[in-house]
$ cat work08.pdb   # PDB, C-alpha atoms and all ligand atoms
ATOM      1  CA  MET A   1      78.099 -80.044 135.528  1.00  0.00           C
ATOM      2  CA  ILE A   2      76.838 -82.713 133.167  1.00  0.00           C
ATOM      3  CA  ILE A   3      75.840 -86.307 133.909  1.00  0.00           C
ATOM      4  CA  ILE A   4      74.783 -88.521 130.993  1.00  0.00           C
ATOM      5  CA  ALA A   5      72.048 -90.417 132.744  1.00  0.00           C
ATOM      6  CA  PHE A   6      69.174 -91.659 130.604  1.00  0.00           C
ATOM      7  CA  PRO A   7      69.401 -94.721 128.432  1.00  0.00           C
ATOM      8  CA  VAL A   8      66.303 -94.167 126.283  1.00  0.00           C
ATOM      9  CA  LYS A   9      65.406 -95.543 122.887  1.00  0.00           C
ATOM     10  CA  ASN A  10      64.651 -92.211 121.317  1.00  0.00           C
ATOM     11  CA  ILE A  11      63.631 -88.632 121.841  1.00  0.00           C
ATOM     12  CA  HIS A  12      59.915 -89.324 121.345  1.00  0.00           C
ATOM     13  CA  GLU A  13      59.917 -91.985 124.050  1.00  0.00           C
ATOM     14  CA  TYR A  14      61.634 -89.568 126.438  1.00  0.00           C
ATOM     15  CA  ILE A  15      59.041 -86.861 125.801  1.00  0.00           C
ATOM     16  CA  GLU A  16      55.974 -89.132 125.791  1.00  0.00           C
ATOM     17  CA  ASN A  17      56.942 -91.078 128.920  1.00  0.00           C
ATOM     18  CA  GLU A  18      58.239 -87.964 130.679  1.00  0.00           C
ATOM     19  CA  SER A  19      61.278 -90.054 131.551  1.00  0.00           C
ATOM     20  CA  TYR A  20      62.931 -87.152 133.365  1.00  0.00           C
ATOM     21  CA  LEU A  21      60.305 -87.504 136.129  1.00  0.00           C
ATOM     22  CA  TYR A  22      60.952 -91.180 136.817  1.00  0.00           C
ATOM     23  CA  ILE A  23      64.665 -91.808 136.600  1.00  0.00           C
ATOM     24  CA  ASP A  24      66.504 -92.840 139.751  1.00  0.00           C
ATOM     25  CA  THR A  25      68.829 -90.087 140.836  1.00  0.00           C
ATOM     26  CA  PRO A  26      72.411 -91.203 140.221  1.00  0.00           C
ATOM     27  CA  SER A  27      75.088 -91.747 142.858  1.00  0.00           C
ATOM     28  CA  GLY A  28      78.417 -89.991 142.829  1.00  0.00           C
ATOM     29  CA  CYS A  29      79.115 -86.299 142.388  1.00  0.00           C
ATOM     30  CA  PRO A  30      81.292 -85.363 139.371  1.00  0.00           C
ATOM     31  CA  ASN A  31      82.547 -82.334 141.312  1.00  0.00           C
ATOM     32  CA  CYS A  32      83.618 -83.722 144.708  1.00  0.00           C
ATOM     33  CA  ASN A  33      84.343 -87.126 146.257  1.00  0.00           C
ATOM     34  CA  TYR A  34      80.824 -87.710 147.550  1.00  0.00           C
ATOM     35  CA  ASN A  35      79.718 -91.206 146.553  1.00  0.00           C
ATOM     36  CA  GLY A  36      76.107 -91.302 147.732  1.00  0.00           C
ATOM     37  CA  LYS A  37      72.851 -90.364 146.028  1.00  0.00           C
ATOM     38  CA  LEU A  38      72.385 -86.949 144.531  1.00  0.00           C
ATOM     39  CA  TYR A  39      69.071 -85.163 145.234  1.00  0.00           C
ATOM     40  CA  ARG A  40      66.525 -83.913 142.737  1.00  0.00           C
ATOM     41  CA  HIS A  41      66.754 -80.200 142.206  1.00  0.00           C
ATOM     42  CA  GLY A  42      64.213 -79.017 139.639  1.00  0.00           C
ATOM     43  CA  TYR A  43      64.153 -78.964 135.852  1.00  0.00           C
ATOM     44  CA  TYR A  44      65.023 -76.766 132.922  1.00  0.00           C
ATOM     45  CA  CYS A  45      64.316 -76.808 129.201  1.00  0.00           C
ATOM     46  CA  ARG A  46      66.660 -76.944 126.260  1.00  0.00           C
ATOM     47  CA  GLY A  47      66.046 -77.186 122.545  1.00  0.00           C
ATOM     48  CA  VAL A  48      66.851 -80.009 120.174  1.00  0.00           C
ATOM     49  CA  PHE A  49      66.364 -80.061 116.397  1.00  0.00           C
ATOM     50  CA  ILE A  50      64.094 -82.843 115.218  1.00  0.00           C
ATOM     51  CA  ASP A  51      61.615 -83.100 112.336  1.00  0.00           C
ATOM     52  CA  ASN A  52      62.261 -79.604 111.045  1.00  0.00           C
ATOM     53  CA  ASN A  53      61.550 -78.136 114.426  1.00  0.00           C
ATOM     54  CA  CYS A  54      63.282 -76.995 117.578  1.00  0.00           C
ATOM     55  CA  ILE A  55      61.616 -79.091 120.280  1.00  0.00           C
ATOM     56  CA  ASP A  56      61.853 -78.222 123.963  1.00  0.00           C
ATOM     57  CA  ILE A  57      63.196 -81.078 126.050  1.00  0.00           C
ATOM     58  CA  THR A  58      62.872 -81.092 129.833  1.00  0.00           C
ATOM     59  CA  ILE A  59      66.101 -81.857 131.662  1.00  0.00           C
ATOM     60  CA  ALA A  60      66.177 -82.930 135.315  1.00  0.00           C
ATOM     61  CA  ARG A  61      68.657 -81.352 137.657  1.00  0.00           C
ATOM     62  CA  VAL A  62      70.238 -82.871 140.759  1.00  0.00           C
ATOM     63  CA  ILE A  63      72.242 -81.357 143.574  1.00  0.00           C
ATOM     64  CA  CYS A  64      75.120 -82.762 145.614  1.00  0.00           C
ATOM     65  CA  PRO A  65      74.357 -82.606 149.367  1.00  0.00           C
ATOM     66  CA  VAL A  66      78.065 -82.104 150.144  1.00  0.00           C
ATOM     67  CA  CYS A  67      79.408 -79.489 147.708  1.00  0.00           C
ATOM     68  CA  HIS A  68      75.958 -78.141 146.708  1.00  0.00           C
ATOM     69  CA  LYS A  69      76.881 -78.119 143.047  1.00  0.00           C
ATOM     70  CA  THR A  70      73.989 -78.833 140.652  1.00  0.00           C
ATOM     71  CA  HIS A  71      74.263 -81.234 137.724  1.00  0.00           C
ATOM     72  CA  ALA A  72      72.092 -81.747 134.659  1.00  0.00           C
ATOM     73  CA  LEU A  73      70.902 -85.289 133.874  1.00  0.00           C
ATOM     74  CA  ILE A  74      71.264 -85.404 130.109  1.00  0.00           C
ATOM     75  CA  PRO A  75      69.492 -88.196 128.173  1.00  0.00           C
ATOM     76  CA  ASP A  76      71.898 -90.207 126.053  1.00  0.00           C
ATOM     77  CA  PHE A  77      70.377 -89.213 122.696  1.00  0.00           C
ATOM     78  CA  LEU A  78      71.720 -85.708 123.283  1.00  0.00           C
ATOM     79  CA  VAL A  79      75.204 -84.302 123.180  1.00  0.00           C
ATOM     80  CA  PRO A  80      75.698 -81.579 125.797  1.00  0.00           C
ATOM     81  CA  TYR A  81      75.808 -78.070 124.263  1.00  0.00           C
ATOM     82  CA  PHE A  82      74.792 -79.338 120.811  1.00  0.00           C
ATOM     83  CA  ILE A  83      71.324 -78.632 119.471  1.00  0.00           C
ATOM     84  CA  TYR A  84      71.547 -81.590 117.067  1.00  0.00           C
ATOM     85  CA  PRO A  85      70.843 -85.035 118.537  1.00  0.00           C
ATOM     86  CA  LEU A  86      73.619 -87.616 118.776  1.00  0.00           C
ATOM     87  CA  SER A  87      72.103 -89.627 115.884  1.00  0.00           C
ATOM     88  CA  VAL A  88      72.536 -86.680 113.486  1.00  0.00           C
ATOM     89  CA  ILE A  89      76.127 -86.138 114.599  1.00  0.00           C
ATOM     90  CA  LEU A  90      77.108 -89.818 114.355  1.00  0.00           C
ATOM     91  CA  THR A  91      75.415 -90.252 110.974  1.00  0.00           C
ATOM     92  CA  SER A  92      77.253 -87.186 109.637  1.00  0.00           C
ATOM     93  CA  LEU A  93      80.597 -88.507 110.895  1.00  0.00           C
ATOM     94  CA  LYS A  94      79.926 -91.913 109.388  1.00  0.00           C
ATOM     95  CA  LYS A  95      79.155 -90.362 105.996  1.00  0.00           C
ATOM     96  CA  ILE A  96      82.344 -88.298 106.124  1.00  0.00           C
ATOM     97  CA  PHE A  97      84.847 -90.783 107.487  1.00  0.00           C
ATOM     98  CA  ILE A  98      83.482 -94.147 106.379  1.00  0.00           C
ATOM     99  CA  ASP A  99      81.659 -93.324 103.143  1.00  0.00           C
ATOM    100  CA  GLY A 100      84.201 -90.641 102.235  1.00  0.00           C
ATOM    101  CA  HIS A 101      81.737 -87.889 101.304  1.00  0.00           C
ATOM    102  CA  GLY A 102      82.401 -84.143 101.445  1.00  0.00           C
ATOM    103  CA  THR A 103      80.687 -81.917 103.983  1.00  0.00           C
ATOM    104  CA  THR A 104      78.359 -80.221 101.446  1.00  0.00           C
ATOM    105  CA  TYR A 105      77.117 -83.573 100.191  1.00  0.00           C
ATOM    106  CA  VAL A 106      76.655 -84.823 103.774  1.00  0.00           C
ATOM    107  CA  ALA A 107      74.624 -81.722 104.704  1.00  0.00           C
ATOM    108  CA  ASP A 108      72.222 -82.475 101.811  1.00  0.00           C
ATOM    109  CA  GLU A 109      71.930 -86.116 102.899  1.00  0.00           C
ATOM    110  CA  ILE A 110      71.192 -85.166 106.511  1.00  0.00           C
ATOM    111  CA  ILE A 111      68.516 -82.704 105.358  1.00  0.00           C
ATOM    112  CA  LYS A 112      66.775 -85.547 103.514  1.00  0.00           C
ATOM    113  CA  GLU A 113      67.326 -88.361 106.003  1.00  0.00           C
ATOM    114  CA  PHE A 114      66.450 -86.457 109.174  1.00  0.00           C
ATOM    115  CA  ASN A 115      64.031 -83.907 107.711  1.00  0.00           C
ATOM    116  CA  LEU A 116      66.136 -80.997 108.961  1.00  0.00           C
ATOM    117  CA  SER A 117      66.000 -78.406 106.185  1.00  0.00           C
ATOM    118  CA  PHE A 118      68.145 -75.854 108.017  1.00  0.00           C
ATOM    119  CA  VAL A 119      71.297 -78.025 108.300  1.00  0.00           C
ATOM    120  CA  LYS A 120      74.242 -76.162 106.786  1.00  0.00           C
ATOM    121  CA  GLU A 121      77.571 -77.327 105.497  1.00  0.00           C
ATOM    122  CA  GLN A 122      79.153 -75.376 108.395  1.00  0.00           C
ATOM    123  CA  ASN A 123      77.334 -77.587 110.921  1.00  0.00           C
ATOM    124  CA  ILE A 124      78.793 -80.701 109.344  1.00  0.00           C
ATOM    125  CA  SER A 125      82.292 -79.183 109.188  1.00  0.00           C
ATOM    126  CA  TYR A 126      81.974 -78.333 112.859  1.00  0.00           C
ATOM    127  CA  PHE A 127      81.085 -81.948 113.768  1.00  0.00           C
ATOM    128  CA  LYS A 128      84.054 -83.119 111.699  1.00  0.00           C
ATOM    129  CA  MET A 129      86.473 -80.683 113.322  1.00  0.00           C
ATOM    130  CA  ARG A 130      85.300 -81.511 116.828  1.00  0.00           C
ATOM    131  CA  PHE A 131      85.610 -85.247 116.213  1.00  0.00           C
ATOM    132  CA  LEU A 132      89.148 -84.851 114.862  1.00  0.00           C
ATOM    133  CA  SER A 133      90.079 -82.985 118.042  1.00  0.00           C
ATOM    134  CA  ILE A 134      88.941 -85.804 120.361  1.00  0.00           C
ATOM    135  CA  LEU A 135      90.389 -88.854 118.580  1.00  0.00           C
ATOM    136  CA  ASN A 136      92.697 -89.576 121.524  1.00  0.00           C
ATOM    137  CA  TYR A 137      89.757 -89.722 123.913  1.00  0.00           C
ATOM    138  CA  VAL A 138      87.699 -91.994 121.681  1.00  0.00           C
ATOM    139  CA  HIS A 139      90.755 -94.201 121.246  1.00  0.00           C
ATOM    140  CA  SER A 140      91.207 -94.434 125.045  1.00  0.00           C
ATOM    141  CA  PHE A 141      87.568 -95.396 125.440  1.00  0.00           C
ATOM    142  CA  PHE A 142      87.907 -98.365 123.077  1.00  0.00           C
ATOM    143  CA  ALA A 143      91.191 -99.425 124.672  1.00  0.00           C
ATOM    144  CA  ASN A 144      89.022-100.674 127.572  1.00  0.00           C
ATOM    145  CA  PHE A 145      87.505-103.453 125.476  1.00  0.00           C
ATOM    146  CA  ARG A 146      89.234-106.633 124.413  1.00  0.00           C
ATOM    147  CA  GLU A 147      87.054-106.999 121.308  1.00  0.00           C
ATOM    148  CA  TYR A 148      88.437-103.750 119.880  1.00  0.00           C
ATOM    149  CA  ILE A 149      92.086-104.590 120.490  1.00  0.00           C
ATOM    150  CA  GLU A 150      92.908-105.174 116.826  1.00  0.00           C
ATOM    151  CA  THR A 151      91.774-101.615 116.077  1.00  0.00           C
ATOM    152  CA  MET A 152      93.956-100.063 118.749  1.00  0.00           C
ATOM    153  CA  ASN A 153      97.114 -99.482 116.748  1.00  0.00           C
ATOM    154  CA  SER A 154      95.407 -96.781 114.740  1.00  0.00           C
ATOM    155  CA  LEU A 155      94.072 -93.335 115.544  1.00  0.00           C
ATOM    156  CA  SER A 156      92.284 -93.122 112.219  1.00  0.00           C
ATOM    157  CA  PRO A 157      88.899 -91.385 112.393  1.00  0.00           C
ATOM    158  CA  ARG A 158      87.495 -94.015 110.051  1.00  0.00           C
ATOM    159  CA  THR A 159      88.404 -96.852 112.430  1.00  0.00           C
ATOM    160  CA  LEU A 160      87.117 -95.005 115.464  1.00  0.00           C
ATOM    161  CA  ILE A 161      83.789 -94.149 113.845  1.00  0.00           C
ATOM    162  CA  SER A 162      83.443 -97.798 112.740  1.00  0.00           C
ATOM    163  CA  ASN A 163      84.032 -98.793 116.354  1.00  0.00           C
ATOM    164  CA  ILE A 164      81.343 -96.411 117.566  1.00  0.00           C
ATOM    165  CA  CYS A 165      78.883 -97.774 114.981  1.00  0.00           C
ATOM    166  CA  LYS A 166      79.701-101.342 116.008  1.00  0.00           C
ATOM    167  CA  TYR A 167      79.405-100.511 119.709  1.00  0.00           C
ATOM    168  CA  THR A 168      76.086 -98.698 119.203  1.00  0.00           C
ATOM    169  CA  LYS A 169      74.692-101.643 117.282  1.00  0.00           C
ATOM    170  CA  GLU A 170      75.775-104.290 119.798  1.00  0.00           C
ATOM    171  CA  LYS A 171      75.461-102.614 123.175  1.00  0.00           C
ATOM    172  CA  LEU A 172      73.402 -99.535 122.363  1.00  0.00           C
ATOM    173  CA  LYS A 173      74.416 -97.256 125.213  1.00  0.00           C
ATOM    174  CA  PHE A 174      77.577 -95.760 123.734  1.00  0.00           C
ATOM    175  CA  ASN A 175      77.008 -92.227 125.035  1.00  0.00           C
ATOM    176  CA  LEU A 176      76.228 -93.442 128.545  1.00  0.00           C
ATOM    177  CA  HIS A 177      79.119 -95.911 128.735  1.00  0.00           C
ATOM    178  CA  TYR A 178      81.536 -93.359 127.317  1.00  0.00           C
ATOM    179  CA  PHE A 179      80.595 -90.925 130.084  1.00  0.00           C
ATOM    180  CA  ASP A 180      80.853 -93.596 132.801  1.00  0.00           C
ATOM    181  CA  LEU A 181      84.297 -94.722 131.695  1.00  0.00           C
ATOM    182  CA  MET A 182      85.890 -91.483 130.525  1.00  0.00           C
ATOM    183  CA  LYS A 183      84.334 -89.187 133.171  1.00  0.00           C
ATOM    184  CA  VAL A 184      83.682 -86.637 130.423  1.00  0.00           C
ATOM    185  CA  HIS A 185      80.873 -86.669 127.882  1.00  0.00           C
ATOM    186  CA  PHE A 186      81.378 -87.745 124.286  1.00  0.00           C
ATOM    187  CA  PHE A 187      82.198 -84.813 121.991  1.00  0.00           C
ATOM    188  CA  LYS A 188      83.369 -82.638 124.879  1.00  0.00           C
ATOM    189  CA  LYS A 189      85.734 -79.931 123.740  1.00  0.00           C
ATOM    190  CA  VAL A 190      89.294 -80.640 124.874  1.00  0.00           C
TER
HETATM  191 ZN    ZN B   1      79.672 -82.785 145.262  1.00  0.00          ZN
END
$ encode --input "work08.pdb" --output "structure tokens"
Amino acid sequence: MIIIAFPVKNIHEYIENESYLYIDTPSGCPNCNYNGKLYRHGYYCRGVFIDNNCIDITIARVICPVCHKTHALIPDFLVPYFIYPLSVILTSLKKIFIDGHGTTYVADEIIKEFNLSFVKEQNISYFKMRFLSILNYVHSFFANFREYIETMNSLSPRTLISNICKYTKEKLKFNLHYFDLMKVHFFKKV
């Protein structure tokens, strides 16, 4: 299973510092009721698109001593099962739902802003579709915070993306906090 576990500033810091080697193993198994520390259990590689390249990122694995299930410790700049980093996904959603641009236009903007020449309109449409399917979850996440209460009578994607932008700016660790509170990762298919 997945555990969002690394609050890191960016992908480069994660790679340069080899953060996956030094993180404390988390407590609590997402599969069973075991509450103690999980044990290190090797590494694997996965790709992420940055700077016109597919870069290999090392991911640490842990194992639960009770149910023996292994879990991947995913750094919070990634979205599980997506090859694009969270920043690309959130920027695309912001351009669609806040700035009101179409998916073709947004694809061109992402190509320029993130230096990712292979981004297609279909990628952006996919981000849009996935986000629209999880509005209820994102809404429930923000219902936990008093400062977002005035936004809670609406399920509008525009409001929810604004909330994510605000949260990211003020507290930074949106992806990590979302996982801790919701017990599923942000952008998980429902
Ligand atoms: Zn377990």
$ closest_residue --input "work08.pdb" --among "A:Thr25, A:Ser87, A:Ser19, A:Ser140" --to "Ile110 (chain A)" --atoms "only C-alpha atoms"
A:Ser87
$ residues_near_ligand --input "work08.pdb" --ligand "ligand ZN 1 (chain B)" --cutoff "6 Å" --atoms "only C-alpha atoms and all ligand atoms" --output "MDAnalysis selection string"
chainID A and resid 29 31:32 34 64 66:67 69
$ write_last_selection --input "work08.pdb" --atoms "C-alpha atoms" --output "short mmCIF file (atom, residue, chain, number, x, y, z; two decimals), keeping the file's coordinate frame"
data_model
loop_
_atom_site.label_atom_id
_atom_site.label_comp_id
_atom_site.auth_asym_id
_atom_site.auth_seq_id
_atom_site.Cartn_x
_atom_site.Cartn_y
_atom_site.Cartn_z
CA CYS A 29 79.11 -86.30 142.39
CA ASN A 31 82.55 -82.33 141.31
CA CYS A 32 83.62 -83.72 144.71
CA TYR A 34 80.82 -87.71 147.55
CA CYS A 64 75.12 -82.76 145.61
CA VAL A 66 78.06 -82.10 150.14
CA CYS A 67 79.41 -79.49 147.71
CA LYS A 69 76.88 -78.12 143.05
#
$ atom_distance --input "work08.pdb" --atom1 "CA of Leu90 (chain A)" --atom2 "CA of Asn153 (chain A)"
22.3 Å
$ residues_around --input "work08.pdb" --residues "Ala143 (chain A)" --least-positions-apart "2" --cutoff "12 Å" --atoms "all atoms listed in the file" --output "VMD selection string"
chain A and resid 136 to 141 145 to 155 160 163 178 181 to 182
$ residues_around --input "work08.pdb" --residues "region 112-114 of chain A" --least-positions-apart "5" --cutoff "9 Å" --atoms "only C-alpha atoms" --output "list in words"
Ile50, Asp51, Asn52, Val88 and Ala107 of chain A
$ closest_residue --input "work08.pdb" --among "A:Glu18, A:Asp76, A:Asp56, A:Glu109" --to "Asn175 (chain A)" --atoms "all atoms listed in the file"
A:Asp76
$ closest_residue --input "work08.pdb" --among "A:Arg130, A:His12, A:Lys171, A:Lys37" --to "Phe187 (chain A)" --atoms "only C-alpha atoms"
A:Arg130
$ closest_residue --input "work08.pdb" --among "A:Gly47, A:Pro65, A:Gly28, A:Pro75" --to "Lys173 (chain A)" --atoms "all atoms listed in the file"
A:Pro75
$ atom_distance --input "work08.pdb" --atom1 "CA of Tyr126 (chain A)" --atom2 "CA of Ser156 (chain A)"
18.0 Å
$ closest_residue --input "work08.pdb" --among "A:Ser117, A:Phe82, A:Ile134, A:Ile63" --to "Val184 (chain A)" --atoms "all atoms listed in the file"
A:Ile134
$ residues_around --input "work08.pdb" --residues "region 94-105 of chain A" --least-positions-apart "3" --cutoff "9 Å" --atoms "all atoms listed in the file" --output "list in words"
Ile89, Leu90, Thr91, Asp108, Glu109, Ile110, Lys120, Glu121, Gln122, Asn123, Ile124, Ser125, Lys128, Pro157, Arg158, Thr159, Ile161, Ser162 and Cys165 of chain A
$ write_last_selection --input "work08.pdb" --atoms "C-alpha atoms" --output "compact mmCIF listing (two decimals), keeping the file's coordinate frame"
# COMPACT_ATOMS: atom_id res chain seq x y z
CA ILE A 89 76.13 -86.14 114.60
CA LEU A 90 77.11 -89.82 114.36
CA THR A 91 75.42 -90.25 110.97
CA ASP A 108 72.22 -82.48 101.81
CA GLU A 109 71.93 -86.12 102.90
CA ILE A 110 71.19 -85.17 106.51
CA LYS A 120 74.24 -76.16 106.79
CA GLU A 121 77.57 -77.33 105.50
CA GLN A 122 79.15 -75.38 108.40
CA ASN A 123 77.33 -77.59 110.92
CA ILE A 124 78.79 -80.70 109.34
CA SER A 125 82.29 -79.18 109.19
CA LYS A 128 84.05 -83.12 111.70
CA PRO A 157 88.90 -91.38 112.39
CA ARG A 158 87.50 -94.02 110.05
CA THR A 159 88.40 -96.85 112.43
CA ILE A 161 83.79 -94.15 113.84
CA SER A 162 83.44 -97.80 112.74
CA CYS A 165 78.88 -97.77 114.98
$ axis_aligned_box --input "work08.pdb" --around "region 170-183 of chain A" --padding-each-side "6 Å" --output "AutoDock Vina command-line options"
--center_x 79.6 --center_y -96.7 --center_z 126.5 --size_x 24.5 --size_y 27.1 --size_z 25.4
$ closest_residue --input "work08.pdb" --among "A:Leu86, A:Cys54, A:Leu172, A:Leu93" --to "Phe131 (chain A)" --atoms "all atoms listed in the file"
A:Leu93
$ residues_near_point --input "work08.pdb" --point "(61.4, -80.6, 122.3)" --cutoff "12 Å" --atoms "all atoms listed in the file" --output "JSON, numbers by chain"
{"A": [11, 12, 13, 14, 15, 16, 18, 44, 45, 46, 47, 48, 49, 50, 51, 52, 53, 54, 55, 56, 57, 58, 59, 78, 83, 84, 85]}
$ atom_distance --input "work08.pdb" --atom1 "CA of Pro26 (chain A)" --atom2 "CA of Lys9 (chain A)"
19.2 Å
$ resolve_selection --input "work08.pdb" --expression "the PyMOL selection byres (((chain A and resi 74) around 9) and not hetatm)" --output "PyMOL selection string"
chain A and resi 2-6+59-61+72-73+75-80
$ residues_around --input "work08.pdb" --residues "Val62 (chain A)" --least-positions-apart "4" --cutoff "7 Å" --atoms "all atoms listed in the file" --output "PyMOL selection string"
chain A and resi 38-41+70-72
